[in-house]
file upload_31.cif (mmCIF, C-alpha atoms)
data_coords
loop_
_atom_site.group_PDB
_atom_site.id
_atom_site.type_symbol
_atom_site.label_atom_id
_atom_site.label_comp_id
_atom_site.auth_asym_id
_atom_site.auth_seq_id
_atom_site.Cartn_x
_atom_site.Cartn_y
_atom_site.Cartn_z
ATOM 1 C CA MET A 74 -11.907 -24.561 -29.112
ATOM 2 C CA VAL A 75 -9.829 -22.702 -26.545
ATOM 3 C CA TYR A 76 -6.160 -23.495 -26.386
ATOM 4 C CA ARG A 77 -4.568 -23.216 -22.943
ATOM 5 C CA LEU A 78 -0.858 -23.003 -22.385
ATOM 6 C CA PRO A 79 0.743 -25.527 -20.020
ATOM 7 C CA SER A 80 0.890 -24.260 -16.426
ATOM 8 C CA VAL A 81 4.647 -23.725 -16.606
ATOM 9 C CA TYR A 82 3.995 -20.891 -19.066
ATOM 10 C CA TYR A 83 1.468 -19.281 -16.731
ATOM 11 C CA ASP A 84 4.038 -19.448 -13.928
ATOM 12 C CA ALA A 85 6.578 -17.700 -16.154
ATOM 13 C CA ILE A 86 4.036 -15.037 -17.158
ATOM 14 C CA HIS A 87 3.067 -14.515 -13.503
ATOM 15 C CA THR A 88 6.739 -14.120 -12.556
ATOM 16 C CA LEU A 89 7.251 -11.614 -15.370
ATOM 17 C CA LYS A 90 4.181 -9.618 -14.269
ATOM 18 C CA CYS A 91 5.454 -9.502 -10.689
ATOM 19 C CA GLU A 92 8.927 -8.462 -11.814
ATOM 20 C CA ILE A 93 7.535 -5.696 -14.032
ATOM 21 C CA ALA A 94 5.404 -4.409 -11.170
ATOM 22 C CA PHE A 95 8.303 -4.637 -8.704
ATOM 23 C CA HIS A 96 10.740 -2.812 -10.962
ATOM 24 C CA TRP A 97 8.202 -0.126 -11.816
ATOM 25 C CA PHE A 98 7.372 0.549 -8.162
ATOM 26 C CA ALA A 99 11.067 0.476 -7.225
ATOM 27 C CA LEU A 100 11.753 3.449 -9.509
ATOM 28 C CA SER A 101 11.570 6.990 -8.228
ATOM 29 C CA ASP A 102 9.141 9.446 -9.858
ATOM 30 C CA ARG A 103 12.057 11.125 -11.595
ATOM 31 C CA GLN A 104 13.278 7.817 -13.020
ATOM 32 C CA ARG A 105 9.775 6.994 -14.264
ATOM 33 C CA GLU A 106 9.515 10.370 -15.961
ATOM 34 C CA ALA A 107 12.918 9.909 -17.585
ATOM 35 C CA ILE A 108 11.989 6.479 -18.914
ATOM 36 C CA PHE A 109 8.456 7.152 -20.111
ATOM 37 C CA PHE A 110 6.926 10.103 -21.886
ATOM 38 C CA PRO A 111 5.069 12.367 -19.448
ATOM 39 C CA TRP A 112 1.718 11.964 -21.225
ATOM 40 C CA ILE A 113 1.633 8.186 -20.778
ATOM 41 C CA ASP A 114 -0.194 7.088 -17.655
ATOM 42 C CA PHE A 115 1.871 3.977 -17.069
ATOM 43 C CA MET A 116 -0.399 2.598 -14.360
ATOM 44 C CA HIS A 117 -3.110 2.111 -16.975
ATOM 45 C CA LEU A 118 -0.623 0.118 -19.024
ATOM 46 C CA LEU A 119 0.506 -1.913 -16.026
ATOM 47 C CA TYR A 120 -2.934 -2.526 -14.552
ATOM 48 C CA PRO A 121 -4.005 -5.316 -16.955
ATOM 49 C CA PHE A 122 -0.955 -7.323 -15.864
ATOM 50 C CA ALA A 123 -1.290 -6.554 -12.153
ATOM 51 C CA LYS A 124 -5.084 -6.537 -11.753
ATOM 52 C CA ARG A 125 -5.016 -10.084 -10.439
ATOM 53 C CA PHE A 126 -3.166 -8.779 -7.393
ATOM 54 C CA ILE A 127 -4.772 -5.342 -7.011
ATOM 55 C CA ALA A 128 -8.345 -4.851 -5.776
ATOM 56 C CA GLY A 129 -8.946 -1.854 -8.047
ATOM 57 C CA GLU A 130 -7.586 1.211 -9.761
ATOM 58 C CA ASP A 131 -9.487 3.501 -7.399
ATOM 59 C CA SER A 132 -11.460 3.352 -4.148
ATOM 60 C CA PRO A 133 -14.884 2.542 -5.660
ATOM 61 C CA SER A 134 -13.556 -0.363 -7.750
ATOM 62 C CA ALA A 135 -11.470 -1.652 -4.828
ATOM 63 C CA LEU A 136 -14.501 -1.594 -2.536
ATOM 64 C CA ILE A 137 -16.522 -3.640 -5.046
ATOM 65 C CA SER A 138 -13.766 -6.272 -5.071
ATOM 66 C CA ILE A 139 -13.575 -6.229 -1.282
ATOM 67 C CA GLN A 140 -17.342 -6.668 -0.928
ATOM 68 C CA LYS A 141 -17.084 -9.766 -3.147
ATOM 69 C CA LEU A 142 -14.348 -11.121 -0.882
ATOM 70 C CA TYR A 143 -16.475 -10.499 2.207
ATOM 71 C CA LYS A 144 -19.420 -12.334 0.645
ATOM 72 C CA ALA A 145 -17.067 -15.267 0.010
ATOM 73 C CA GLY A 146 -16.022 -15.271 3.692
ATOM 74 C CA PHE A 147 -12.670 -13.473 3.423
ATOM 75 C CA LEU A 148 -11.354 -10.426 5.285
ATOM 76 C CA ALA A 149 -9.355 -7.690 3.584
ATOM 77 C CA SER A 150 -6.512 -5.297 4.225
ATOM 78 C CA LEU A 151 -6.259 -2.163 2.111
ATOM 79 C CA ASP A 152 -2.975 -0.603 1.063
ATOM 80 C CA ILE A 153 -2.908 2.556 -1.015
ATOM 81 C CA LEU A 154 0.208 2.324 -3.151
ATOM 82 C CA GLY A 155 2.878 4.925 -2.613
ATOM 83 C CA GLU A 156 5.850 5.552 -0.391
ATOM 84 C CA ASN A 157 8.820 7.881 0.085
ATOM 85 C CA VAL A 158 6.836 11.021 -0.650
ATOM 86 C CA THR A 159 8.975 14.100 -1.123
ATOM 87 C CA SER A 160 6.603 16.894 -0.102
ATOM 88 C CA ARG A 161 4.113 17.721 2.617
ATOM 89 C CA GLU A 162 1.453 18.101 -0.049
ATOM 90 C CA GLN A 163 1.939 14.502 -1.208
ATOM 91 C CA ALA A 164 1.826 13.198 2.370
ATOM 92 C CA ASN A 165 -1.280 15.237 3.180
ATOM 93 C CA ALA A 166 -2.954 14.012 0.007
ATOM 94 C CA ALA A 167 -2.178 10.381 0.923
ATOM 95 C CA ARG A 168 -3.544 10.957 4.439
ATOM 96 C CA GLU A 169 -6.768 12.423 3.009
ATOM 97 C CA VAL A 170 -7.225 9.473 0.639
ATOM 98 C CA TYR A 171 -6.967 7.097 3.598
ATOM 99 C CA ILE A 172 -9.359 9.203 5.700
ATOM 100 C CA ASP A 173 -11.917 9.374 2.870
ATOM 101 C CA LEU A 174 -11.615 5.629 2.389
ATOM 102 C CA ILE A 175 -12.074 4.948 6.113
ATOM 103 C CA LYS A 176 -15.216 7.088 6.155
ATOM 104 C CA THR A 177 -16.571 5.368 3.040
ATOM 105 C CA VAL A 178 -15.947 1.916 4.487
ATOM 106 C CA ASP A 179 -17.648 2.957 7.756
ATOM 107 C CA GLN A 180 -20.777 3.841 5.779
ATOM 108 C CA GLY A 181 -20.754 0.411 4.138
ATOM 109 C CA ASN A 182 -20.542 -1.401 7.488
ATOM 110 C CA LEU A 183 -17.396 -3.298 6.508
ATOM 111 C CA THR A 184 -14.588 -4.157 8.878
ATOM 112 C CA MET A 185 -11.263 -3.303 7.333
ATOM 113 C CA ASP A 186 -7.561 -3.254 8.050
ATOM 114 C CA TYR A 187 -5.544 -0.415 6.550
ATOM 115 C CA SER A 188 -1.881 -0.936 5.765
ATOM 116 C CA VAL A 189 0.118 2.311 5.903
ATOM 117 C CA LYS A 190 3.727 3.065 5.060
ATOM 118 C CA LEU A 191 5.278 5.722 7.261
ATOM 119 C CA THR A 192 7.255 7.242 4.391
ATOM 120 C CA GLN A 193 3.936 7.802 2.611
ATOM 121 C CA MET A 194 2.804 9.799 5.654
ATOM 122 C CA GLY A 195 5.950 11.960 5.569
ATOM 123 C CA LEU A 196 8.576 10.182 7.683
ATOM 124 C CA ASP A 197 11.355 11.288 5.293
ATOM 125 C CA ILE A 198 10.161 14.899 5.572
ATOM 126 C CA ASP A 199 9.710 15.359 9.317
ATOM 127 C CA LYS A 200 9.053 12.876 12.126
ATOM 128 C CA LYS A 201 6.532 15.109 13.944
ATOM 129 C CA PHE A 202 4.690 15.811 10.686
ATOM 130 C CA CYS A 203 4.484 12.044 10.085
ATOM 131 C CA ARG A 204 3.208 11.487 13.649
ATOM 132 C CA ASP A 205 0.470 14.082 13.145
ATOM 133 C CA ASN A 206 -0.658 12.425 9.905
ATOM 134 C CA LEU A 207 -0.676 8.984 11.529
ATOM 135 C CA GLU A 208 -2.609 10.243 14.537
ATOM 136 C CA SER A 209 -5.291 11.629 12.209
ATOM 137 C CA LEU A 210 -5.602 8.201 10.588
ATOM 138 C CA LEU A 211 -5.741 6.367 13.904
ATOM 139 C CA LEU A 212 -8.411 8.707 15.281
ATOM 140 C CA THR A 213 -10.518 8.420 12.133
ATOM 141 C CA ALA A 214 -10.179 4.624 11.982
ATOM 142 C CA GLY A 215 -11.801 4.208 15.396
ATOM 143 C CA SER A 216 -12.128 0.465 15.988
ATOM 144 C CA GLN A 217 -10.776 -0.503 12.565
ATOM 145 C CA THR A 218 -7.148 -1.604 12.440
ATOM 146 C CA VAL A 219 -4.367 0.566 11.053
ATOM 147 C CA ARG A 220 -1.266 -1.516 10.467
ATOM 148 C CA PHE A 221 2.170 0.000 9.936
ATOM 149 C CA ASP A 222 3.753 -1.699 6.944
ATOM 150 C CA MET A 223 7.452 -2.453 6.828
ATOM 151 C CA GLU A 224 9.643 -0.760 4.280
ATOM 152 C CA GLY A 225 13.396 -0.850 3.657
ATOM 153 C CA SER A 226 15.817 -1.731 6.454
ATOM 154 C CA THR A 227 16.624 1.933 7.143
ATOM 155 C CA TYR A 228 12.985 2.422 8.200
ATOM 156 C CA THR A 229 12.613 -0.706 10.369
ATOM 157 C CA GLN A 230 13.593 0.836 13.698
ATOM 158 C CA PRO A 231 11.800 4.179 13.183
ATOM 159 C CA THR A 232 8.636 2.254 12.203
ATOM 160 C CA LEU A 233 8.822 0.013 15.281
ATOM 161 C CA ASP A 234 9.558 3.012 17.530
ATOM 162 C CA MET A 235 6.544 4.895 16.180
ATOM 163 C CA CYS A 236 4.350 1.838 16.698
ATOM 164 C CA PHE A 237 5.463 1.437 20.322
ATOM 165 C CA ASP A 238 4.928 5.168 20.948
ATOM 166 C CA PHE A 239 1.364 5.079 19.588
ATOM 167 C CA HIS A 240 0.222 1.674 20.803
ATOM 168 C CA SER A 241 -0.420 2.635 24.427
ATOM 169 C CA GLN A 242 -2.965 5.215 23.249
ATOM 170 C CA TYR A 243 -4.348 3.497 20.120
ATOM 171 C CA LYS A 244 -5.289 -0.154 20.536
ATOM 172 C CA ASN A 245 -6.421 -0.266 16.887
ATOM 173 C CA LEU A 246 -2.772 -0.125 15.778
ATOM 174 C CA GLY A 247 -0.954 -3.151 14.413
ATOM 175 C CA GLN A 248 2.563 -3.710 13.109
ATOM 176 C CA ALA A 249 3.687 -5.807 10.154
ATOM 177 C CA VAL A 250 6.783 -7.867 10.937
ATOM 178 C CA GLN A 251 9.130 -9.244 8.315
ATOM 179 C CA ALA A 252 9.475 -12.945 9.029
ATOM 180 C CA TYR A 253 12.912 -13.589 7.547
ATOM 181 C CA LEU A 254 14.776 -10.938 9.530
ATOM 182 C CA PHE A 255 16.916 -12.205 12.404
ATOM 183 C CA ARG A 256 15.581 -9.474 14.660
ATOM 184 C CA SER A 257 11.989 -10.744 14.082
ATOM 185 C CA GLN A 258 12.595 -14.044 15.830
ATOM 186 C CA GLY A 259 10.263 -14.691 18.763
#

call {"tool": "encode", "arguments": {"input": "upload_31.cif", "output": "structure tokens"}}
result
Amino acid sequence: MVYRLPSVYYDAIHTLKCEIAFHWFALSDRQREAIFFPWIDFMHLLYPFAKRFIAGEDSPSALISIQKLYKAGFLASLDILGENVTSREQANAAREVYIDLIKTVDQGNLTMDYSVKLTQMGLDIDKKFCRDNLESLLLTAGSQTVRFDMEGSTYTQPTLDMCFDFHSQYKNLGQAVQAYLFRSQG
């Protein structure tokens, strides 16, 4: 016999999982290193709690999950976790992961949306550097949609400005809008 907890307990567990994930992702790399021993790969510890909300730990496992969604009649948007990179190397690495993923998805004949955070592409480092990274993504994506994701309020206007600058040339560009902001009203 399998014993199931009442749904109120599942709601509490779900809330706890979301809070753990939120707090972990809200920490800077330095804070994470200070809290946890360097040899512990915390994402592997967190993944069992968050896997319900994450398509996969890596591109191949995410693509398997996405193919299942497509077979069930759903569309998907991919977001590679990470933001506020602190070096050009990190931003370039994130750009290359997106480009590799776009090329892999093209081979599988899937239609995909890609959600990108500008700070992951180097906005905090240099605006032109960020633009160059984004342009590479937009060119590679072709007819697939690249959507700029919203971040903290200090990045709202720069994100919108970048979207407006690019949109006349790249019709495959979309913009996430935060619904509860006064400035988002129609």

call {"tool": "closest_residue", "arguments": {"input": "upload_31.cif", "among": "A:Tyr228, A:Tyr243, A:Phe221, A:Tyr143", "to": "Met185 in chain A", "atoms": "all atoms listed in the file"}}
result
A:Tyr143

call {"tool": "closest_residue", "arguments": {"input": "upload_31.cif", "among": "A:Ser138, A:Asn206, A:Ser226, A:Thr213", "to": "Gln193 in chain A", "atoms": "all atoms listed in the file"}}
result
A:Asn206

call {"tool": "residues_around", "arguments": {"input": "upload_31.cif", "residues": "Phe239 in chain A", "least_positions_apart": "4", "cutoff": "12 Å", "atoms": "all atoms listed in the file", "output": "ChimeraX atom specification"}}
result
/A:204-205,207-212,219-221,232-235,243-248

call {"tool": "closest_residue", "arguments": {"input": "upload_31.cif", "among": "A:Glu156, A:Gly225, A:Gly181, A:Met194", "to": "Glu169 in chain A", "atoms": "only C-alpha atoms"}}
result
A:Met194

call {"tool": "closest_residue", "arguments": {"input": "upload_31.cif", "among": "A:Cys236, A:Leu196, A:Met223, A:Ala214", "to": "Gln251 in chain A", "atoms": "only C-alpha atoms"}}
result
A:Met223

call {"tool": "atom_distance", "arguments": {"input": "upload_31.cif", "atom1": "CA of Gln230 in chain A", "atom2": "CA of Tyr171 in chain A"}}
result
23.7 Å

call {"tool": "atom_distance", "arguments": {"input": "upload_31.cif", "atom1": "CA of Val170 in chain A", "atom2": "CA of Ile153 in chain A"}}
result
8.3 Å

call {"tool": "resolve_selection", "arguments": {"input": "upload_31.cif", "expression": "the PyMOL selection byres ((chain A and resi 162) around 12)", "output": "JSON, numbers by chain"}}
result
{"A": [158, 159, 160, 161, 163, 164, 165, 166, 167, 168, 169, 193, 194, 195, 198, 202, 206]}

call {"tool": "atom_distance", "arguments": {"input": "upload_31.cif", "atom1": "CA of Ile175 in chain A", "atom2": "CA of Ser134 in chain A"}}
result
14.9 Å

call {"tool": "residues_around", "arguments": {"input": "upload_31.cif", "residues": "Val178 in chain A", "least_positions_apart": "3", "cutoff": "12 Å", "atoms": "only C-alpha atoms", "output": "list in words"}}
result
Ser132, Pro133, Ala135, Leu136, Ile137, Ile139, Gln140, Ala149, Ser150, Leu151, Tyr171, Ile172, Asp173, Leu174, Ile175, Gly181, Asn182, Leu183, Thr184, Met185, Asp186, Tyr187, Thr213, Ala214, Gly215 and Gln217 of chain A
